[in-house]
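Printed here is query-v8.txt (compact mmCIF, C-alpha atoms):
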```txt
# COMPACT_ATOMS: atom_id res chain seq x y z
CA MET A 506 -77.46 116.46 6.04
CA ALA A 507 -74.49 118.78 5.62
CA ARG A 508 -71.94 118.93 8.36
CA ALA A 509 -69.89 121.89 9.52
CA ALA A 510 -66.40 121.69 10.92
CA VAL A 511 -66.18 121.23 14.66
CA ARG A 512 -65.06 124.45 16.26
CA GLY A 513 -62.75 125.04 19.16
CA ARG A 514 -63.81 125.32 22.76
CA LEU A 515 -66.51 127.88 23.57
CA THR A 516 -65.26 129.96 26.47
CA TRP A 517 -67.30 132.35 28.61
CA GLN A 518 -66.59 135.99 27.83
CA LEU A 519 -67.66 139.31 29.29
CA THR A 520 -69.46 141.77 27.07
CA GLU A 521 -70.68 145.28 27.87
CA VAL A 522 -74.15 146.60 27.23
CA VAL A 523 -73.81 149.64 24.98
CA GLU A 524 -77.51 150.23 24.44
CA SER A 525 -80.84 148.68 25.34
CA ILE A 526 -83.43 149.40 22.65
CA GLU A 527 -87.12 149.03 23.45
CA GLU A 528 -88.65 147.23 20.45
CA THR A 529 -92.05 146.76 22.15
CA PRO A 530 -93.05 147.02 25.84
CA ARG A 531 -92.08 143.33 26.24
CA VAL A 532 -89.07 143.13 23.93
CA LYS A 533 -85.66 144.76 24.02
CA SER A 534 -82.60 144.57 21.82
CA LEU A 535 -79.33 144.50 23.75
CA VAL A 536 -76.45 146.03 21.82
CA LEU A 537 -73.24 144.50 23.18
CA ARG A 538 -69.59 145.38 22.87
CA ALA A 539 -67.91 141.97 22.68
CA PRO A 540 -64.13 142.38 22.23
CA GLU A 541 -63.45 138.62 22.38
CA TRP A 542 -66.23 137.68 19.97
CA SER A 543 -64.93 135.50 17.12
CA GLY A 544 -67.82 136.19 14.75
CA HIS A 545 -70.93 134.24 13.88
CA ARG A 546 -73.06 132.99 11.03
CA ALA A 547 -76.52 134.48 10.54
CA GLY A 548 -79.05 132.39 12.48
CA GLN A 549 -76.80 131.20 15.31
CA HIS A 550 -77.36 131.80 19.03
CA VAL A 551 -75.46 132.38 22.28
CA ASP A 552 -75.71 131.08 25.82
CA ILE A 553 -76.11 133.76 28.49
CA ARG A 554 -74.99 133.10 32.07
CA LEU A 555 -76.14 135.20 35.01
CA THR A 556 -74.39 135.00 38.39
CA ALA A 557 -75.94 136.20 41.66
CA GLU A 558 -73.87 137.46 44.58
CA ASP A 559 -74.28 134.13 46.39
CA GLY A 560 -72.74 132.34 43.40
CA TYR A 561 -76.06 131.04 42.05
CA GLN A 562 -75.91 130.79 38.27
CA VAL A 563 -78.50 130.37 35.56
CA GLN A 564 -78.12 129.97 31.81
CA ARG A 565 -80.38 130.45 28.80
CA SER A 566 -79.96 130.57 25.01
CA TYR A 567 -80.80 133.66 22.93
CA SER A 568 -80.67 134.15 19.19
CA ILE A 569 -78.36 136.71 17.65
CA ALA A 570 -80.22 139.46 15.81
CA SER A 571 -77.28 141.26 14.23
CA ALA A 572 -75.63 140.46 10.93
CA PRO A 573 -72.08 139.08 10.98
CA GLU A 574 -71.00 142.35 9.33
CA GLU A 575 -72.08 144.52 12.27
CA GLN A 576 -69.61 145.97 14.80
CA SER A 577 -71.79 145.14 17.80
CA LEU A 578 -73.38 141.87 18.81
CA VAL A 579 -77.13 142.37 19.17
CA LEU A 580 -79.50 140.05 21.04
CA THR A 581 -83.25 140.60 21.06
CA VAL A 582 -85.02 139.29 24.15
CA GLU A 583 -88.72 138.91 24.93
CA ARG A 584 -89.73 139.11 28.58
CA LEU A 585 -91.48 135.98 29.81
CA ASP A 586 -93.18 137.05 33.01
CA ASP A 587 -92.46 133.87 34.96
CA GLY A 588 -88.96 133.55 33.57
CA GLU A 589 -85.79 133.89 35.61
CA VAL A 590 -83.48 135.37 32.97
CA SER A 591 -85.54 137.35 30.47
CA PRO A 592 -87.11 139.75 33.05
CA TYR A 593 -83.56 140.60 34.18
CA LEU A 594 -82.33 141.16 30.63
CA VAL A 595 -85.36 143.25 29.66
CA ASP A 596 -86.09 145.20 32.86
CA GLU A 597 -82.85 145.41 34.82
CA LEU A 598 -79.88 145.38 32.46
CA ARG A 599 -78.76 148.85 31.36
CA PRO A 600 -75.92 150.46 29.41
CA GLY A 601 -72.59 150.00 31.17
CA ASP A 602 -73.56 146.66 32.71
CA GLN A 603 -71.59 143.56 31.86
CA LEU A 604 -73.15 140.41 30.48
CA GLU A 605 -71.47 137.01 30.35
CA LEU A 606 -72.01 134.83 27.30
CA ARG A 607 -70.45 132.22 25.05
CA GLY A 608 -71.00 131.22 21.46
CA PRO A 609 -71.74 131.14 18.63
CA ILE A 610 -73.82 127.98 18.97
CA GLY A 611 -75.67 126.01 16.32
CA GLY A 612 -74.91 125.89 12.64
CA TYR A 613 -77.72 124.03 10.91
CA PHE A 614 -80.20 126.88 11.41
CA ALA A 615 -77.81 129.30 9.72
CA TRP A 616 -77.53 130.94 6.33
CA ASP A 617 -74.49 132.02 4.35
CA THR A 618 -74.62 133.92 1.09
CA SER A 619 -73.05 130.87 -0.61
CA ALA A 620 -76.24 128.91 0.17
CA GLY A 621 -78.12 131.29 -2.12
CA GLY A 622 -81.86 131.59 -2.46
CA PRO A 623 -84.66 131.98 -2.84
CA LEU A 624 -85.26 132.22 0.88
CA LEU A 625 -88.48 131.79 2.80
CA LEU A 626 -88.21 133.06 6.38
CA VAL A 627 -91.19 132.30 8.61
CA GLY A 628 -91.28 133.55 12.17
CA GLY A 629 -93.72 133.68 15.05
CA GLY A 630 -93.25 136.45 17.61
CA SER A 631 -89.68 136.64 18.89
CA GLY A 632 -88.91 133.69 16.58
CA ILE A 633 -88.17 136.43 14.06
CA VAL A 634 -84.85 137.20 15.77
CA PRO A 635 -82.54 134.70 13.97
CA LEU A 636 -84.45 135.41 10.73
CA MET A 637 -83.63 139.10 11.18
CA SER A 638 -79.94 138.20 11.38
CA ILE A 639 -80.31 136.32 8.08
CA LEU A 640 -82.17 139.19 6.43
CA ARG A 641 -79.69 141.77 7.71
CA HIS A 642 -76.82 139.59 6.46
CA ARG A 643 -78.43 139.29 3.03
CA VAL A 644 -78.64 143.10 2.83
CA ALA A 645 -75.29 143.93 4.47
CA ALA A 646 -73.45 141.48 2.23
CA GLY A 647 -75.00 143.02 -0.88
CA ASN A 648 -76.36 139.59 -1.78
CA ASN A 649 -79.22 139.39 -4.25
CA ALA A 650 -81.01 136.22 -3.10
CA ASP A 651 -84.76 136.72 -3.34
CA VAL A 652 -86.20 136.61 0.15
CA ARG A 653 -89.72 136.57 1.54
CA LEU A 654 -90.24 137.00 5.26
CA LEU A 655 -93.61 136.00 6.69
CA ALA A 656 -94.02 137.07 10.31
CA SER A 657 -96.89 136.19 12.63
CA TRP A 658 -97.83 138.45 15.56
CA ARG A 659 -100.71 138.58 17.99
CA THR A 660 -101.38 142.29 17.43
CA ALA A 661 -99.78 145.14 15.50
CA GLY A 662 -98.30 146.38 18.78
CA ASP A 663 -96.26 143.19 19.10
CA ILE A 664 -94.33 143.72 15.85
CA ILE A 665 -90.56 143.80 16.42
CA TYR A 666 -88.25 145.71 14.04
CA GLY A 667 -91.35 147.25 12.37
CA ALA A 668 -89.73 150.38 10.93
CA GLU A 669 -86.61 148.53 9.74
CA LEU A 670 -88.71 145.80 8.11
CA GLU A 671 -90.75 148.44 6.31
CA ARG A 672 -87.54 149.96 4.97
CA LEU A 673 -86.00 146.60 3.98
CA GLY A 674 -89.25 145.58 2.29
CA ARG A 675 -88.72 148.33 -0.26
CA LEU A 676 -85.42 146.82 -1.44
CA ASP A 677 -85.31 144.82 -4.66
CA GLY A 678 -85.88 141.15 -4.02
CA VAL A 679 -87.11 141.57 -0.45
CA GLU A 680 -90.76 141.05 0.50
CA ILE A 681 -92.06 141.42 4.05
CA ILE A 682 -95.49 140.05 4.94
CA HIS A 683 -97.03 140.39 8.41
CA THR A 684 -100.02 138.46 9.68
CA LEU A 685 -101.93 139.27 12.86
CA THR A 686 -103.61 136.44 14.75
CA ARG A 687 -105.76 138.60 17.06
CA ASP A 688 -106.94 142.17 16.59
CA ALA A 689 -105.97 144.13 13.51
CA PRO A 690 -106.09 147.94 13.57
CA ALA A 691 -108.31 149.91 11.22
CA GLY A 692 -106.72 150.15 7.79
CA TRP A 693 -104.51 147.03 8.30
CA THR A 694 -103.33 145.89 4.88
CA GLY A 695 -101.37 142.82 5.94
CA ARG A 696 -102.62 139.30 6.43
CA ARG A 697 -104.86 138.08 9.22
CA GLY A 698 -104.99 134.76 11.01
CA ARG A 699 -102.56 132.01 11.81
CA ILE A 700 -100.14 130.81 9.17
CA ASP A 701 -101.50 127.68 7.49
CA GLU A 702 -100.91 125.73 4.31
CA ALA A 703 -103.22 128.04 2.33
CA MET A 704 -101.35 131.18 3.44
CA LEU A 705 -97.99 129.54 2.68
CA GLY A 706 -99.27 128.57 -0.77
CA ASP A 707 -100.33 132.18 -1.29
CA VAL A 708 -97.29 134.10 -0.12
CA GLY A 709 -94.50 131.50 -0.20
CA TRP A 710 -92.47 130.25 -3.13
CA ALA A 711 -93.67 127.52 -5.45
CA ALA A 712 -92.09 124.19 -4.55
CA LYS A 713 -90.41 124.06 -7.96
CA ALA A 714 -88.40 127.17 -7.04
CA ALA A 715 -86.77 124.94 -4.36
CA PRO A 716 -86.42 127.70 -1.75
CA LEU A 717 -84.44 127.26 1.43
CA SER A 718 -86.90 127.75 4.30
CA PHE A 719 -86.10 128.81 7.86
CA VAL A 720 -88.93 128.53 10.38
CA CYS A 721 -88.64 129.79 13.95
CA GLY A 722 -91.22 130.31 16.65
CA PRO A 723 -93.42 128.46 19.11
CA THR A 724 -93.85 124.73 18.52
CA GLY A 725 -97.41 125.01 17.22
CA LEU A 726 -96.39 127.48 14.52
CA VAL A 727 -93.25 125.56 13.56
CA GLU A 728 -95.17 122.28 13.26
CA ALA A 729 -97.93 123.92 11.18
CA VAL A 730 -95.50 125.67 8.85
CA ALA A 731 -93.05 122.78 8.38
CA THR A 732 -95.90 120.30 7.82
CA GLY A 733 -97.63 122.77 5.49
CA LEU A 734 -94.49 123.28 3.40
CA VAL A 735 -93.97 119.51 3.07
CA ALA A 736 -97.63 119.13 2.02
CA LEU A 737 -97.06 121.82 -0.64
CA GLY A 738 -94.24 119.72 -2.09
CA HIS A 739 -91.18 121.31 -0.51
CA ALA A 740 -88.30 118.94 0.20
CA PRO A 741 -87.95 118.30 3.97
CA GLU A 742 -84.17 118.72 3.77
CA ARG A 743 -84.69 122.32 2.53
CA ILE A 744 -86.73 123.21 5.64
CA ARG A 745 -84.81 124.15 8.78
CA THR A 746 -86.59 124.69 12.06
CA GLU A 747 -85.89 126.18 15.44
CA ARG A 748 -88.42 126.33 18.24
CA PHE A 749 -89.05 128.64 21.14
CA GLY A 750 -90.83 126.72 23.86
CA PRO A 751 -93.02 128.56 26.36
CA THR A 752 -90.34 127.85 28.97
CA GLY A 753 -87.50 129.72 27.31
CA GLY A 754 -87.20 131.70 30.51
CA MET B 873 -66.14 133.11 40.54
CA SER B 874 -65.42 136.80 40.47
CA PHE B 875 -68.02 138.12 38.05
CA VAL B 876 -71.43 139.03 39.48
CA SER B 877 -74.36 140.13 37.30
CA ARG B 878 -75.38 143.48 38.80
CA GLY B 879 -78.91 143.37 40.14
CA PHE B 880 -79.49 139.68 39.47
CA HIS B 881 -81.08 137.61 42.22
CA ARG B 882 -82.21 134.02 42.36
CA ARG B 883 -85.89 134.02 41.51
CA HIS B 884 -86.80 130.35 41.43
CA THR B 885 -86.36 127.99 44.32
CA GLU B 886 -86.88 124.33 43.69
CA PRO B 887 -87.36 122.55 47.01
CA GLY B 888 -86.74 118.82 46.96
CA GLN B 889 -84.86 118.94 43.68
CA GLU B 890 -81.39 119.20 45.14
CA GLY B 891 -79.12 116.66 43.53
CA ARG B 892 -81.57 115.93 40.74
CA VAL B 893 -80.93 118.91 38.49
CA PRO B 894 -77.54 119.05 36.73
CA PRO B 895 -75.56 122.32 36.65
CA GLY B 896 -76.97 125.02 34.37
CA GLN B 897 -80.34 123.30 34.04
CA TYR B 898 -83.82 124.41 35.18
CA VAL B 899 -86.89 122.30 35.78
CA THR B 900 -89.88 122.54 33.46
CA THR B 901 -93.23 120.81 33.61
CA ASP B 902 -93.81 121.32 29.87
CA PHE B 903 -92.34 119.04 27.28
CA PRO B 904 -90.60 121.40 24.85
CA VAL B 905 -90.07 120.18 21.29
CA LEU B 906 -86.75 120.55 19.51
CA SER B 907 -85.83 119.36 16.06
CA ALA B 908 -83.85 120.62 13.12
CA GLY B 909 -86.46 120.01 10.43
CA PRO B 910 -90.01 118.89 9.69
CA THR B 911 -91.52 116.08 11.76
CA PRO B 912 -91.46 112.82 9.75
CA HIS B 913 -94.70 110.85 9.72
CA ARG B 914 -93.77 107.22 9.14
CA PRO B 915 -96.70 104.79 8.74
CA LEU B 916 -96.29 101.82 11.07
CA GLU B 917 -96.70 99.33 8.23
CA ASN B 918 -93.39 100.38 6.70
CA TRP B 919 -91.54 101.09 9.95
CA THR B 920 -88.68 98.74 10.80
CA PHE B 921 -85.91 98.80 13.38
CA SER B 922 -82.50 97.52 12.29
CA ILE B 923 -79.18 96.70 13.88
CA THR B 924 -76.44 96.88 11.26
CA GLY B 925 -72.68 97.29 10.95
CA GLU B 926 -70.32 95.12 12.99
CA ILE B 927 -72.67 92.17 13.35
CA ASP B 928 -72.62 88.82 11.53
CA GLU B 929 -76.28 88.85 10.55
CA PRO B 930 -78.00 92.26 10.60
CA LEU B 931 -81.17 92.26 12.70
CA ARG B 932 -84.49 93.74 11.67
CA TRP B 933 -87.89 93.97 13.32
CA THR B 934 -91.19 95.08 11.83
CA TRP B 935 -93.42 97.20 14.08
CA ASP B 936 -95.48 94.15 15.10
CA GLU B 937 -92.34 92.11 15.79
CA PHE B 938 -90.84 94.98 17.77
CA ARG B 939 -94.00 95.45 19.84
CA ALA B 940 -94.09 91.73 20.57
CA LEU B 941 -90.73 92.04 22.39
CA PRO B 942 -90.81 92.33 26.18
CA SER B 943 -91.16 95.98 27.16
CA GLU B 944 -90.49 97.90 30.35
CA ASN B 945 -91.97 100.87 32.17
CA ILE B 946 -89.29 103.44 32.79
CA THR B 947 -89.40 106.54 35.04
CA LYS B 948 -86.44 108.87 34.53
CA ASP B 949 -85.37 112.51 34.69
CA ILE B 950 -84.38 113.92 31.30
CA HIS B 951 -82.01 116.82 30.56
CA CYS B 952 -81.95 118.86 27.35
CA VAL B 953 -78.82 120.78 26.31
CA THR B 954 -81.07 123.83 25.79
CA LYS B 955 -81.17 123.98 29.63
CA TRP B 956 -84.49 122.40 30.58
CA SER B 957 -84.79 119.29 32.69
CA LYS B 958 -87.99 117.34 33.21
CA LEU B 959 -88.31 115.13 36.26
CA ASP B 960 -90.00 111.74 36.62
CA THR B 961 -90.94 111.30 32.96
CA ARG B 962 -92.68 107.97 32.40
CA TRP B 963 -91.95 105.91 29.30
CA GLU B 964 -92.62 102.47 27.90
CA GLY B 965 -90.01 100.88 25.71
CA VAL B 966 -87.87 97.92 24.77
CA SER B 967 -84.48 97.75 26.47
CA ILE B 968 -81.48 97.86 24.15
CA ASP B 969 -80.27 94.84 26.14
CA THR B 970 -83.27 92.95 24.76
CA LEU B 971 -82.48 94.02 21.19
CA LEU B 972 -78.81 93.09 21.56
CA ASP B 973 -79.47 89.80 23.36
CA GLY B 974 -77.15 87.17 21.89
CA VAL B 975 -75.41 89.63 19.57
CA GLU B 976 -71.64 89.28 19.38
CA THR B 977 -69.81 92.31 18.08
CA SER B 978 -66.38 93.88 18.09
CA ALA B 979 -68.04 97.32 17.99
CA GLU B 980 -67.38 99.86 20.72
CA PHE B 981 -69.50 102.64 19.26
CA VAL B 982 -72.96 103.10 17.85
CA VAL B 983 -74.52 105.56 15.44
CA ALA B 984 -78.28 105.76 15.93
CA PHE B 985 -80.08 106.72 12.72
CA SER B 986 -83.53 108.17 12.21
CA ASP B 987 -86.17 109.09 9.70
CA GLY B 988 -85.39 112.57 8.40
CA GLY B 989 -81.64 111.87 8.30
CA TYR B 990 -80.82 112.61 11.95
CA THR B 991 -77.94 110.68 13.54
CA THR B 992 -76.21 110.66 16.92
CA ASN B 993 -73.20 108.71 18.19
CA LEU B 994 -72.75 106.94 21.52
CA PRO B 995 -70.39 104.41 23.08
CA LEU B 996 -72.02 100.99 22.92
CA ALA B 997 -71.45 100.60 26.67
CA ASP B 998 -73.83 103.52 27.29
CA LEU B 999 -76.66 101.64 25.61
CA LYS B 1000 -76.19 98.42 27.61
CA GLY B 1001 -76.84 97.41 31.20
CA GLY B 1002 -80.35 98.81 31.58
CA LYS B 1003 -79.38 102.36 30.62
CA ALA B 1004 -81.14 102.77 27.25
CA TRP B 1005 -84.37 101.87 25.49
CA VAL B 1006 -86.28 102.26 22.25
CA ALA B 1007 -89.36 104.00 23.67
CA PHE B 1008 -92.79 103.93 22.03
CA GLY B 1009 -94.99 105.13 24.90
CA PHE B 1010 -94.98 108.33 26.96
CA GLU B 1011 -97.18 108.95 30.00
CA ASP B 1012 -99.49 106.04 29.13
CA GLU B 1013 -100.04 107.16 25.51
CA PRO B 1014 -98.40 106.28 22.20
CA LEU B 1015 -95.39 108.56 21.70
CA GLU B 1016 -96.50 111.55 19.62
CA PRO B 1017 -94.69 112.30 16.34
CA GLU B 1018 -93.51 115.71 17.67
CA HIS B 1019 -91.71 113.91 20.47
CA GLY B 1020 -90.20 111.25 18.24
CA GLY B 1021 -93.03 108.77 17.67
CA PRO B 1022 -93.60 106.10 16.68
CA ALA B 1023 -90.37 105.31 18.54
CA ARG B 1024 -87.33 107.16 19.82
CA LEU B 1025 -84.13 106.24 21.54
CA LEU B 1026 -84.20 106.93 25.30
CA VAL B 1027 -80.78 107.40 26.92
CA PRO B 1028 -81.68 109.53 29.93
CA HIS B 1029 -78.20 109.69 31.49
CA LEU B 1030 -76.95 111.78 28.55
CA TYR B 1031 -78.23 115.11 27.16
CA PHE B 1032 -81.45 114.46 25.33
CA TRP B 1033 -80.18 115.06 21.78
CA LYS B 1034 -78.58 111.61 22.19
CA SER B 1035 -82.11 110.17 22.58
CA ALA B 1036 -82.69 110.24 18.81
CA LYS B 1037 -86.28 110.89 17.76
CA TRP B 1038 -87.88 108.79 14.99
CA VAL B 1039 -85.11 106.23 15.46
CA ARG B 1040 -84.96 103.45 12.88
CA GLY B 1041 -81.87 101.59 13.92
CA LEU B 1042 -78.41 101.31 15.36
CA GLN B 1043 -75.23 100.97 13.37
CA LEU B 1044 -72.55 99.11 15.35
CA ARG B 1045 -69.09 100.54 14.66
CA GLU B 1046 -65.49 99.99 15.69
CA ASP B 1047 -64.75 103.71 15.28
CA ASP B 1048 -66.54 106.73 16.73
CA GLU B 1049 -68.31 108.71 13.98
CA PRO B 1050 -69.80 112.09 15.05
CA GLY B 1051 -73.54 112.38 14.53
CA PHE B 1052 -75.61 115.37 13.42
CA TRP B 1053 -75.30 117.81 16.34
CA GLU B 1054 -71.89 116.44 17.29
CA GLY B 1055 -70.76 117.63 13.85
CA TYR B 1056 -72.08 121.12 14.60
CA GLY B 1057 -69.93 121.61 17.69
CA TYR B 1058 -71.99 119.89 20.36
CA HIS B 1059 -70.12 117.64 22.77
CA ASN B 1060 -69.22 114.17 21.56
CA TYR B 1061 -70.41 112.45 24.75
CA GLY B 1062 -72.86 114.84 26.47
CA ASP B 1063 -72.86 114.03 30.19
CA PRO B 1064 -75.24 116.59 31.78
CA TRP B 1065 -73.64 116.18 35.23
CA LEU B 1066 -70.29 117.26 33.77
CA GLU B 1067 -72.10 119.95 31.72
CA GLN B 1068 -70.64 118.62 28.48
CA ARG B 1069 -72.74 120.81 26.20
CA TYR B 1070 -70.27 121.79 23.49
CA ALA B 1071 -67.00 120.45 22.11
CA GLY B 1072 -64.24 121.07 24.64
CA ASP B 1073 -66.56 121.34 27.68
```
Structure re-expressed in structure tokens:
Amino acid sequence: MARAAVRGRLTWQLTEVVESIEETPRVKSLVLRAPEWSGHRAGQHVDIRLTAEDGYQVQRSYSIASAPEEQSLVLTVERLDDGEVSPYLVDELRPGDQLELRGPIGGYFAWDTSAGGPLLLVGGGSGIVPLMSILRHRVAAGNNADVRLLASWRTAGDIIYGAELERLGRLDGVEIIHTLTRDAPAGWTGRRGRIDEAMLGDVGWAAKAAPLSFVCGPTGLVEAVATGLVALGHAPERIRTERFGPTGG
Amino acid sequence: MSFVSRGFHRRHTEPGQEGRVPPGQYVTTDFPVLSAGPTPHRPLENWTFSITGEIDEPLRWTWDEFRALPSENITKDIHCVTKWSKLDTRWEGVSIDTLLDGVETSAEFVVAFSDGGYTTNLPLADLKGGKAWVAFGFEDEPLEPEHGGPARLLVPHLYFWKSAKWVRGLQLREDDEPGFWEGYGYHNYGDPWLEQRYAGD
């Protein structure tokens, strides 16, 4: 496996919330002004630290949604009802508030234009967030790697970045495919059902195209997709995974 | 500590867990899965465990030979760098002391290596003295592939990425060679009580 250079120390830094965008009733994108931010690679994440008045602290990791080219650092957060951090980020945090974080973290689940394509991006629910950073980077950098993004949602109302994905899907070399695992609205033209080997064979790249695949979502989806891709003949070392457990908080 | 997150209040209280949960961690009852790539599925008939490197005669066990070694039941708290801790996890495994019994080596470091290409580095001293195992059972069942089966390293006093899934052997070394995540900026040692998550922590 490839190895990246070890970076310097990751120090905590204060950012300011510029905007909180409601993507769905459960999901918000936090647009942050981060003057000390040293930049990131598409696909990396940050650690957030919250501090209560009594000094109690709690930390969680969140994927970066923005491209490295963007002025602001954008995190997209799904509210987990029994979580300790995500309800605060989604329901309480508002423009003008400060948010403490450090990063960027990770480096294997990351894509640079030099890695080329074709790219297969497979996401389940909020697992799309680091894939969105990759897709936005591909577009912002003017790169021409062919990319297919397959996103799985419970219902059409759960789709994050819907309008932007529709716009990006009209670009040359970019294909966006949604699948709904529960109810589909009348006139739905996307896929239905959970992602399995058959769906990957249908909408993914042929193994001989040797795509680089990034898979992010709940464990069940990641296992099914990674195993399905291997069964279809894709090389395991070309499949990178990241998982969102139910306890992401 | 001067910064306070406006409007943030402690939501979870964890009675009886004082002193058991390292800083920055929270307790989960799930068993989240983390890995960088597809889950390898190694048939037991071509599984082996090897000890290589700074050793006169490299050691190697087949699955049957490995399972014939004395094993132990282990109950430990585990701590993942992604912030979750899981208390009182029950494992069955072979102590590294058993595997290294009678081995003479000048090595001070180890690189554990796994199916799928994963590696992680540890001081040899952290694997000895009843602190580390090659685990093949979890909660009275064979260890599932998602969680590192057929066998994974279990080094519960360090962050759990050091407990290499799908482990196939240990390379004994005189020098300290960073493993997979250590090469991506994670801490070289990974003591959860010192919150050594990333390089420089």
Residue nearest B:Phe938 - candidates B:Ala1004, B:Ser967, B:Arg892, B:Phe981, atoms counted: all atoms listed in the file: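 Closest to B:Phe938, using all atoms listed in the file: B:Ser967.
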Using only C-alpha atoms, the shortest atom-to-atom distance to A:Gly588 among A:Gln564, A:Thr694, A:Thr724, A:Ser638 belongs to A:Gln564
task = Please return, as a PyMOL selection string, all polymer residues that have at least one atom within 12 Å of the point (-80.4, 100.8, 27.7); use only C-alpha atoms and the file's own coordinate frame.
result = chain B and resi 943-944+946+965-973+994-1007+1025-1030+1035
Exercise for review: With a distance threshold of 9 Å and counting all atoms listed in the file, extract the residues of chain B near chain A and express them as a PyMOL selection string.
Suggested key: chain B and resi 873+875-884+895-898+900-912+954-956+988-990+1018+1052-1058+1070-1073
Skipping near chain neighbours, those fewer than 5 positions away, what residues fall within 12 Å of A:His545 using all atoms listed in the file, listed as an mmCIF file with C-alpha atoms, in the frame of the given file?
```cif
data_model
loop_
_atom_site.group_PDB
_atom_site.id
_atom_site.type_symbol
_atom_site.label_atom_id
_atom_site.label_comp_id
_atom_site.auth_asym_id
_atom_site.auth_seq_id
_atom_site.Cartn_x
_atom_site.Cartn_y
_atom_site.Cartn_z
ATOM 1 C CA ARG A 512 -65.060 124.450 16.260
ATOM 2 C CA HIS A 550 -77.360 131.800 19.030
ATOM 3 C CA VAL A 551 -75.460 132.380 22.280
ATOM 4 C CA SER A 568 -80.670 134.150 19.190
ATOM 5 C CA ILE A 569 -78.360 136.710 17.650
ATOM 6 C CA ALA A 570 -80.220 139.460 15.810
ATOM 7 C CA SER A 571 -77.280 141.260 14.230
ATOM 8 C CA ALA A 572 -75.630 140.460 10.930
ATOM 9 C CA PRO A 573 -72.080 139.080 10.980
ATOM 10 C CA GLU A 574 -71.000 142.350 9.330
ATOM 11 C CA GLU A 575 -72.080 144.520 12.270
ATOM 12 C CA GLN A 576 -69.610 145.970 14.800
ATOM 13 C CA SER A 577 -71.790 145.140 17.800
ATOM 14 C CA LEU A 578 -73.380 141.870 18.810
ATOM 15 C CA VAL A 579 -77.130 142.370 19.170
ATOM 16 C CA ARG A 607 -70.450 132.220 25.050
ATOM 17 C CA GLY A 608 -71.000 131.220 21.460
ATOM 18 C CA PRO A 609 -71.740 131.140 18.630
ATOM 19 C CA ILE A 610 -73.820 127.980 18.970
ATOM 20 C CA GLY A 611 -75.670 126.010 16.320
ATOM 21 C CA GLY A 612 -74.910 125.890 12.640
ATOM 22 C CA ALA A 615 -77.810 129.300 9.720
ATOM 23 C CA TRP A 616 -77.530 130.940 6.330
ATOM 24 C CA ASP A 617 -74.490 132.020 4.350
ATOM 25 C CA PRO A 635 -82.540 134.700 13.970
ATOM 26 C CA SER A 638 -79.940 138.200 11.380
ATOM 27 C CA ILE A 639 -80.310 136.320 8.080
ATOM 28 C CA HIS A 642 -76.820 139.590 6.460
#
```
Separating atom CA of B:Arg939 from atom CA of B:Asp960, to the nearest tenth of an Å, is a gap of 23.7 Å
- Item | Within 8 Å of file point (-104.7, 135.0, 13.6), counting all atoms listed in the file, expressed as a list in words |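 In the file's frame, the residues around the point are Ser657, Trp658, Arg659, Thr684, Leu685, Thr686, Arg687, Arg697, Gly698, Arg699 and Ile700 of chain A.
Taking atom CA of A:Gly662 and atom CA of A:Arg584 as endpoints, the distance between them is 14.9 Å.
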Using the incomplete input, complete stretch 731-740 of chain A to the level of N, CA and C atoms; output as a PDB file, in the coordinates of the input.
```pdb
ATOM      1  N   ALA A 731     -93.904 123.825   8.974  1.00  0.00           N
ATOM      2  CA  ALA A 731     -93.050 122.780   8.380  1.00  0.00           C
ATOM      3  C   ALA A 731     -93.922 121.714   7.719  1.00  0.00           C
ATOM      4  N   THR A 732     -95.003 121.297   8.392  1.00  0.00           N
ATOM      5  CA  THR A 732     -95.900 120.300   7.820  1.00  0.00           C
ATOM      6  C   THR A 732     -96.583 120.854   6.565  1.00  0.00           C
ATOM      7  N   GLY A 733     -96.989 122.139   6.638  1.00  0.00           N
ATOM      8  CA  GLY A 733     -97.630 122.770   5.490  1.00  0.00           C
ATOM      9  C   GLY A 733     -96.705 122.841   4.289  1.00  0.00           C
ATOM     10  N   LEU A 734     -95.454 123.195   4.516  1.00  0.00           N
ATOM     11  CA  LEU A 734     -94.490 123.280   3.400  1.00  0.00           C
ATOM     12  C   LEU A 734     -94.262 121.905   2.772  1.00  0.00           C
ATOM     13  N   VAL A 735     -94.157 120.871   3.610  1.00  0.00           N
ATOM     14  CA  VAL A 735     -93.970 119.510   3.070  1.00  0.00           C
ATOM     15  C   VAL A 735     -95.199 119.122   2.236  1.00  0.00           C
ATOM     16  N   ALA A 736     -96.398 119.455   2.752  1.00  0.00           N
ATOM     17  CA  ALA A 736     -97.630 119.130   2.020  1.00  0.00           C
ATOM     18  C   ALA A 736     -97.686 119.860   0.680  1.00  0.00           C
ATOM     19  N   LEU A 737     -97.080 121.051   0.617  1.00  0.00           N
ATOM     20  CA  LEU A 737     -97.060 121.820  -0.640  1.00  0.00           C
ATOM     21  C   LEU A 737     -95.972 121.331  -1.595  1.00  0.00           C
ATOM     22  N   GLY A 738     -95.218 120.321  -1.190  1.00  0.00           N
ATOM     23  CA  GLY A 738     -94.240 119.720  -2.090  1.00  0.00           C
ATOM     24  C   GLY A 738     -92.808 120.136  -1.856  1.00  0.00           C
ATOM     25  N   HIS A 739     -92.565 120.901  -0.800  1.00  0.00           N
ATOM     26  CA  HIS A 739     -91.180 121.310  -0.510  1.00  0.00           C
ATOM     27  C   HIS A 739     -90.404 120.141   0.086  1.00  0.00           C
ATOM     28  N   ALA A 740     -89.140 120.036  -0.285  1.00  0.00           N
ATOM     29  CA  ALA A 740     -88.300 118.940   0.200  1.00  0.00           C
ATOM     30  C   ALA A 740     -87.984 119.157   1.678  1.00  0.00           C
TER      31      ALA A 740
END
```
